[in-house]
file work05.cif (mmCIF, C-alpha atoms and all ligand atoms)
data_final
#
loop_
_atom_site.group_PDB
_atom_site.id
_atom_site.type_symbol
_atom_site.label_atom_id
_atom_site.label_comp_id
_atom_site.auth_asym_id
_atom_site.auth_seq_id
_atom_site.Cartn_x
_atom_site.Cartn_y
_atom_site.Cartn_z
ATOM 1 C CA MET A 14 -5.034 24.297 2.508
ATOM 2 C CA ILE A 15 -1.704 22.706 1.584
ATOM 3 C CA GLN A 16 -0.134 23.358 -1.809
ATOM 4 C CA VAL A 17 1.919 20.563 -3.441
ATOM 5 C CA LEU A 18 3.319 21.579 -6.828
ATOM 6 C CA ASP A 19 0.263 22.899 -8.745
ATOM 7 C CA LEU A 20 -2.433 21.166 -6.664
ATOM 8 C CA LYS A 21 -4.206 22.021 -3.388
ATOM 9 C CA PHE A 22 -4.837 19.484 -0.645
ATOM 10 C CA LYS A 23 -6.477 19.335 2.786
ATOM 11 C CA GLU A 24 -6.000 16.969 5.707
ATOM 12 C CA TYR A 25 -8.106 13.808 5.314
ATOM 13 C CA ILE A 26 -6.761 11.145 7.709
ATOM 14 C CA THR A 27 -4.751 12.342 10.707
ATOM 15 C CA ALA A 28 -1.431 10.887 11.836
ATOM 16 C CA GLU A 29 -3.138 9.658 15.034
ATOM 17 C CA GLN A 30 -5.842 7.824 13.059
ATOM 18 C CA ILE A 31 -3.209 6.190 10.859
ATOM 19 C CA GLN A 32 -1.092 5.057 13.796
ATOM 20 C CA ALA A 33 -4.105 3.641 15.666
ATOM 21 C CA ARG A 34 -5.288 1.667 12.624
ATOM 22 C CA VAL A 35 -1.772 0.408 11.842
ATOM 23 C CA ARG A 36 -1.504 -0.914 15.419
ATOM 24 C CA GLU A 37 -4.851 -2.729 15.036
ATOM 25 C CA ILE A 38 -3.759 -4.403 11.802
ATOM 26 C CA ALA A 39 -0.379 -5.373 13.309
ATOM 27 C CA GLU A 40 -2.181 -6.923 16.289
ATOM 28 C CA GLU A 41 -4.307 -9.050 13.935
ATOM 29 C CA LEU A 42 -1.153 -10.146 12.125
ATOM 30 C CA ASN A 43 0.619 -10.976 15.413
ATOM 31 C CA THR A 44 -2.220 -13.330 16.292
ATOM 32 C CA LYS A 45 -2.788 -14.857 12.883
ATOM 33 C CA TYR A 46 0.879 -15.414 11.952
ATOM 34 C CA SER A 47 2.232 -16.533 15.309
ATOM 35 C CA GLY A 48 4.521 -19.541 14.694
ATOM 36 C CA LYS A 49 4.303 -19.129 10.897
ATOM 37 C CA ASN A 50 7.484 -17.130 10.261
ATOM 38 C CA PRO A 51 5.775 -14.801 7.746
ATOM 39 C CA LEU A 52 7.558 -12.868 5.016
ATOM 40 C CA PHE A 53 6.338 -9.313 4.481
ATOM 41 C CA LEU A 54 6.647 -8.071 0.897
ATOM 42 C CA GLY A 55 6.538 -4.288 0.932
ATOM 43 C CA ILE A 56 5.736 -2.585 -2.365
ATOM 44 C CA LEU A 57 7.872 0.538 -2.790
ATOM 45 C CA ASN A 58 7.907 3.505 -3.024
ATOM 46 C CA GLY A 59 4.584 4.730 -1.663
ATOM 47 C CA SER A 60 4.310 2.104 1.104
ATOM 48 C CA PHE A 61 7.597 2.796 2.851
ATOM 49 C CA MET A 62 6.038 4.481 5.901
ATOM 50 C CA PHE A 63 3.239 1.888 6.150
ATOM 51 C CA ILE A 64 5.761 -0.961 5.872
ATOM 52 C CA ALA A 65 7.930 0.564 8.615
ATOM 53 C CA ASP A 66 5.034 1.264 10.980
ATOM 54 C CA ILE A 67 3.472 -2.182 10.517
ATOM 55 C CA PHE A 68 6.866 -3.810 11.017
ATOM 56 C CA LYS A 69 7.534 -1.837 14.218
ATOM 57 C CA ASN A 70 4.288 -3.156 15.678
ATOM 58 C CA VAL A 71 4.700 -6.795 14.646
ATOM 59 C CA ASN A 72 6.351 -8.691 17.487
ATOM 60 C CA ILE A 73 6.543 -12.256 16.146
ATOM 61 C CA PRO A 74 9.565 -13.696 14.265
ATOM 62 C CA CYS A 75 9.253 -12.521 10.646
ATOM 63 C CA GLU A 76 11.177 -11.155 7.654
ATOM 64 C CA VAL A 77 10.653 -8.230 5.311
ATOM 65 C CA SER A 78 11.619 -7.790 1.653
ATOM 66 C CA PHE A 79 10.984 -4.880 -0.670
ATOM 67 C CA LEU A 80 9.591 -4.959 -4.186
ATOM 68 C CA LYS A 81 9.221 -2.126 -6.598
ATOM 69 C CA ILE A 82 6.653 -1.519 -9.313
ATOM 70 C CA ASN A 83 5.480 1.604 -11.018
ATOM 71 C CA SER A 84 2.140 1.753 -12.777
ATOM 72 C CA TYR A 85 1.178 5.320 -12.073
ATOM 73 C CA GLN A 86 1.825 8.638 -13.733
ATOM 74 C CA ASP A 87 0.498 12.033 -12.798
ATOM 75 C CA THR A 88 -2.895 11.797 -11.006
ATOM 76 C CA SER A 89 -4.615 9.102 -13.011
ATOM 77 C CA SER A 90 -3.918 5.374 -13.035
ATOM 78 C CA THR A 91 -2.586 4.035 -16.325
ATOM 79 C CA GLU A 92 -2.885 0.567 -17.788
ATOM 80 C CA LYS A 93 0.862 0.433 -18.240
ATOM 81 C CA ILE A 94 2.328 -2.084 -15.821
ATOM 82 C CA LYS A 95 6.071 -2.264 -15.534
ATOM 83 C CA GLU A 96 8.203 -5.042 -14.205
ATOM 84 C CA LEU A 97 8.120 -6.168 -10.584
ATOM 85 C CA ILE A 98 11.688 -5.693 -9.350
ATOM 86 C CA GLY A 99 13.361 -7.248 -6.333
ATOM 87 C CA LEU A 100 11.756 -10.657 -5.905
ATOM 88 C CA ASN A 101 15.134 -12.348 -5.685
ATOM 89 C CA GLN A 102 14.589 -14.398 -2.554
ATOM 90 C CA SER A 103 12.706 -17.707 -2.658
ATOM 91 C CA ILE A 104 9.169 -17.394 -1.358
ATOM 92 C CA GLU A 105 8.205 -21.001 -2.056
ATOM 93 C CA GLY A 106 6.416 -22.451 0.961
ATOM 94 C CA ARG A 107 6.438 -19.103 2.824
ATOM 95 C CA HIS A 108 3.475 -17.321 4.360
ATOM 96 C CA VAL A 109 3.544 -14.022 2.461
ATOM 97 C CA ILE A 110 1.877 -10.749 3.462
ATOM 98 C CA ILE A 111 1.909 -8.075 0.752
ATOM 99 C CA LEU A 112 1.981 -4.493 2.077
ATOM 100 C CA GLU A 113 0.574 -1.880 -0.330
ATOM 101 C CA ASP A 114 -0.052 1.834 0.068
ATOM 102 C CA ILE A 115 -3.247 2.105 -1.957
ATOM 103 C CA VAL A 116 -5.454 -0.038 -4.181
ATOM 104 C CA ASP A 117 -7.112 2.052 -6.864
ATOM 105 C CA THR A 118 -8.198 0.144 -10.024
ATOM 106 C CA GLY A 119 -6.659 -3.098 -8.685
ATOM 107 C CA ARG A 120 -4.426 -3.563 -11.738
ATOM 108 C CA THR A 121 -1.138 -3.235 -9.855
ATOM 109 C CA LEU A 122 -2.133 -5.618 -7.087
ATOM 110 C CA ASP A 123 -3.552 -8.116 -9.585
ATOM 111 C CA TYR A 124 -0.197 -8.189 -11.369
ATOM 112 C CA ILE A 125 1.748 -8.486 -8.108
ATOM 113 C CA LEU A 126 -0.489 -11.317 -6.862
ATOM 114 C CA ARG A 127 -0.117 -13.289 -10.085
ATOM 115 C CA THR A 128 3.668 -12.882 -9.968
ATOM 116 C CA VAL A 129 3.883 -13.863 -6.294
ATOM 117 C CA LEU A 130 1.481 -16.833 -6.591
ATOM 118 C CA ALA A 131 3.538 -18.221 -9.499
ATOM 119 C CA GLN A 132 6.342 -18.797 -6.979
ATOM 120 C CA LYS A 133 4.224 -21.200 -4.896
ATOM 121 C CA PRO A 134 4.083 -19.524 -1.471
ATOM 122 C CA ALA A 135 2.241 -21.427 1.299
ATOM 123 C CA SER A 136 -0.242 -18.557 1.586
ATOM 124 C CA VAL A 137 -0.667 -14.947 0.477
ATOM 125 C CA GLU A 138 -2.588 -12.147 2.137
ATOM 126 C CA VAL A 139 -2.744 -8.459 1.292
ATOM 127 C CA ALA A 140 -2.743 -5.470 3.626
ATOM 128 C CA THR A 141 -3.325 -2.052 2.114
ATOM 129 C CA LEU A 142 -3.365 1.244 3.964
ATOM 130 C CA LEU A 143 -5.926 2.780 1.595
ATOM 131 C CA TYR A 144 -8.580 1.304 -0.671
ATOM 132 C CA LYS A 145 -10.817 3.096 -3.181
ATOM 133 C CA PRO A 146 -13.739 0.670 -3.603
ATOM 134 C CA SER A 147 -15.503 2.784 -6.224
ATOM 135 C CA ALA A 148 -12.400 2.832 -8.476
ATOM 136 C CA THR A 149 -12.155 -0.960 -8.811
ATOM 137 C CA ILE A 150 -11.723 -2.313 -12.326
ATOM 138 C CA ILE A 151 -10.069 -5.629 -11.450
ATOM 139 C CA PRO A 152 -11.404 -7.065 -8.160
ATOM 140 C CA VAL A 153 -8.572 -8.393 -5.994
ATOM 141 C CA PRO A 154 -8.665 -10.081 -2.593
ATOM 142 C CA ILE A 155 -7.679 -7.650 0.169
ATOM 143 C CA HIS A 156 -7.529 -9.020 3.711
ATOM 144 C CA TYR A 157 -6.599 -5.952 5.763
ATOM 145 C CA VAL A 158 -7.731 -2.441 4.801
ATOM 146 C CA GLY A 159 -6.552 0.578 6.755
ATOM 147 C CA PHE A 160 -9.140 2.983 5.403
ATOM 148 C CA GLU A 161 -11.687 2.846 2.596
ATOM 149 C CA ILE A 162 -11.599 6.215 0.849
ATOM 150 C CA GLU A 163 -13.477 8.074 -1.846
ATOM 151 C CA ASN A 164 -12.281 8.065 -5.448
ATOM 152 C CA GLN A 165 -10.134 11.174 -5.194
ATOM 153 C CA PHE A 166 -6.361 11.702 -5.379
ATOM 154 C CA VAL A 167 -4.561 11.529 -2.026
ATOM 155 C CA LEU A 168 -0.973 11.938 -0.871
ATOM 156 C CA GLY A 169 1.180 11.967 2.246
ATOM 157 C CA TYR A 170 2.462 9.262 4.615
ATOM 158 C CA GLY A 171 4.679 7.997 1.784
ATOM 159 C CA LEU A 172 2.305 8.629 -1.138
ATOM 160 C CA ASP A 173 3.394 11.269 -3.627
ATOM 161 C CA TYR A 174 2.275 13.591 -6.348
ATOM 162 C CA ASN A 175 5.004 13.579 -9.001
ATOM 163 C CA GLY A 176 7.563 12.828 -6.297
ATOM 164 C CA TYR A 177 6.420 15.412 -3.733
ATOM 165 C CA GLY A 178 4.213 15.319 -0.660
ATOM 166 C CA ARG A 179 5.485 12.018 0.740
ATOM 167 C CA ASN A 180 6.773 13.748 3.887
ATOM 168 C CA SER A 181 3.410 14.407 5.504
ATOM 169 C CA ASN A 182 2.466 12.439 8.652
ATOM 170 C CA SER A 183 -1.181 12.584 7.667
ATOM 171 C CA ILE A 184 -3.015 11.659 4.451
ATOM 172 C CA LEU A 185 -4.101 14.694 2.432
ATOM 173 C CA ILE A 186 -6.852 14.758 -0.197
ATOM 174 C CA LYS A 187 -6.986 16.893 -3.328
ATOM 175 C CA VAL A 188 -9.325 19.853 -3.201
ATOM 176 C CA ASP A 189 -11.127 20.819 -6.398
ATOM 177 C CA GLU A 190 -10.705 24.493 -7.201
HETATM 178 P P1 LIG B 201 -3.998 0.630 -9.314
HETATM 179 O O1 LIG B 201 -3.136 -0.258 -10.135
HETATM 180 O O2 LIG B 201 -4.756 -0.081 -8.208
HETATM 181 O O3 LIG B 201 -4.923 1.470 -10.166
HETATM 182 O O4 LIG B 201 -3.076 1.721 -8.661
HETATM 183 C C1 LIG B 201 -2.230 1.420 -7.614
HETATM 184 C C2 LIG B 201 -1.095 2.389 -7.552
HETATM 185 O O5 LIG B 201 -1.459 3.666 -8.088
HETATM 186 C C3 LIG B 201 -0.689 2.646 -6.121
HETATM 187 O O6 LIG B 201 0.287 1.743 -5.687
HETATM 188 C C4 LIG B 201 -0.209 4.078 -6.177
HETATM 189 O O7 LIG B 201 1.156 4.100 -6.557
HETATM 190 C C5 LIG B 201 -1.009 4.711 -7.282
HETATM 191 N N1 LIG B 201 -2.191 5.467 -6.793
HETATM 192 C C6 LIG B 201 -3.480 5.148 -6.964
HETATM 193 N N2 LIG B 201 -4.292 6.069 -6.421
HETATM 194 C C7 LIG B 201 -3.476 7.010 -5.887
HETATM 195 C C8 LIG B 201 -3.722 8.241 -5.165
HETATM 196 O O8 LIG B 201 -4.845 8.664 -4.884
HETATM 197 N N3 LIG B 201 -2.604 8.920 -4.777
HETATM 198 C C9 LIG B 201 -1.351 8.499 -5.038
HETATM 199 N N4 LIG B 201 -0.353 9.273 -4.597
HETATM 200 N N5 LIG B 201 -1.082 7.357 -5.714
HETATM 201 C C10 LIG B 201 -2.142 6.621 -6.132
#
call {"tool": "encode", "arguments": {"input": "work05.cif", "output": "structure tokens"}}
result
Amino acid sequence: MIQVLDLKFKEYITAEQIQARVREIAEELNTKYSGKNPLFLGILNGSFMFIADIFKNVNIPCEVSFLKINSYQDTSSTEKIKELIGLNQSIEGRHVIILEDIVDTGRTLDYILRTVLAQKPASVEVATLLYKPSATIIPVPIHYVGFEIENQFVLGYGLDYNGYGRNSNSILIKVDE
């Protein structure tokens, strides 16, 4: 059992499982985006480890940019969507791959997709490390899913609980007491 602030967690997805799946997704991207000069848009903060590990395993010419959005407080998703910060480079005509940590209700990704599509990229795909299918409120297209998970709060590998727990190599899941 691992304590983070007032909550208890247990290991859910090991570091080895994450690394193996990240390599598989990167291989798919290497094949699909060869010769397309893709632009990765990493959504901070929770995705920073996923972005880095995907990027280390992509071996075709490509760029990466970082965007920031915050739609989450405490352990439940809120309807409050703040501004998408950092889209200051032109993405018109580019092949864009959005890198997300987790898709829960779909609200955040829906907002990001609408903002990105408004800038007329050549194509947009989404890769998310984690996906909670049973939490979906707004269905969004997701092209690469690391792991489908149950509708329970997780942290680690970049994901936090009120700022803590990001520095775990594995994904941990909340244990009900
Ligand atoms: P959505 O808008 O899809 O409901 O929520 C997406 C965002 O909520 C994610 O980018 C992430 O910041 C946060 N989130 C959703 N579920 C979890 C979870 O289980 N753990 C953590 N740490 N963040 C989550």
call {"tool": "axis_aligned_box", "arguments": {"input": "work05.cif", "around": "region 66-83 of chain A", "padding_each_side": "5 Å", "output": "AutoDock Vina command-line options"}}
result
--center_x 7.5 --center_y -6.0 --center_z 3.2 --size_x 18.1 --size_y 25.3 --size_z 38.5
call {"tool": "residues_around", "arguments": {"input": "work05.cif", "residues": "Val109 (chain A)", "least_positions_apart": "2", "cutoff": "8 Å", "atoms": "all atoms listed in the file", "output": "mmCIF file with C-alpha atoms, keeping the file's coordinate frame"}}
result
data_model
loop_
_atom_site.group_PDB
_atom_site.id
_atom_site.type_symbol
_atom_site.label_atom_id
_atom_site.label_comp_id
_atom_site.auth_asym_id
_atom_site.auth_seq_id
_atom_site.Cartn_x
_atom_site.Cartn_y
_atom_site.Cartn_z
ATOM 1 C CA PRO A 51 5.775 -14.801 7.746
ATOM 2 C CA LEU A 52 7.558 -12.868 5.016
ATOM 3 C CA PHE A 53 6.338 -9.313 4.481
ATOM 4 C CA LEU A 54 6.647 -8.071 0.897
ATOM 5 C CA ILE A 104 9.169 -17.394 -1.358
ATOM 6 C CA ARG A 107 6.438 -19.103 2.824
ATOM 7 C CA ILE A 111 1.909 -8.075 0.752
ATOM 8 C CA PRO A 134 4.083 -19.524 -1.471
ATOM 9 C CA ALA A 135 2.241 -21.427 1.299
ATOM 10 C CA SER A 136 -0.242 -18.557 1.586
ATOM 11 C CA VAL A 137 -0.667 -14.947 0.477
ATOM 12 C CA GLU A 138 -2.588 -12.147 2.137
#
call {"tool": "residues_near_point", "arguments": {"input": "work05.cif", "point": "(5.6, 9.1, -0.3)", "cutoff": "10 Å", "atoms": "all atoms listed in the file", "output": "list in words"}}
result
Leu57, Asn58, Gly59, Ser60, Phe61, Met62, Phe63, Asp114, Leu168, Gly169, Tyr170, Gly171, Leu172, Asp173, Tyr174, Asn175, Gly176, Tyr177, Gly178, Arg179, Asn180 and Ser181 of chain A
call {"tool": "closest_residue", "arguments": {"input": "work05.cif", "among": "A:Ala33, A:Leu42, A:Leu112, A:Leu122", "to": "Ala140 (chain A)", "atoms": "all atoms listed in the file"}}
result
A:Leu112
call {"tool": "closest_residue", "arguments": {"input": "work05.cif", "among": "A:Lys23, A:Arg120, A:Lys187, A:Lys49", "to": "ligand LIG 201 (chain B)", "atoms": "only C-alpha atoms and all ligand atoms"}}
result
A:Arg120
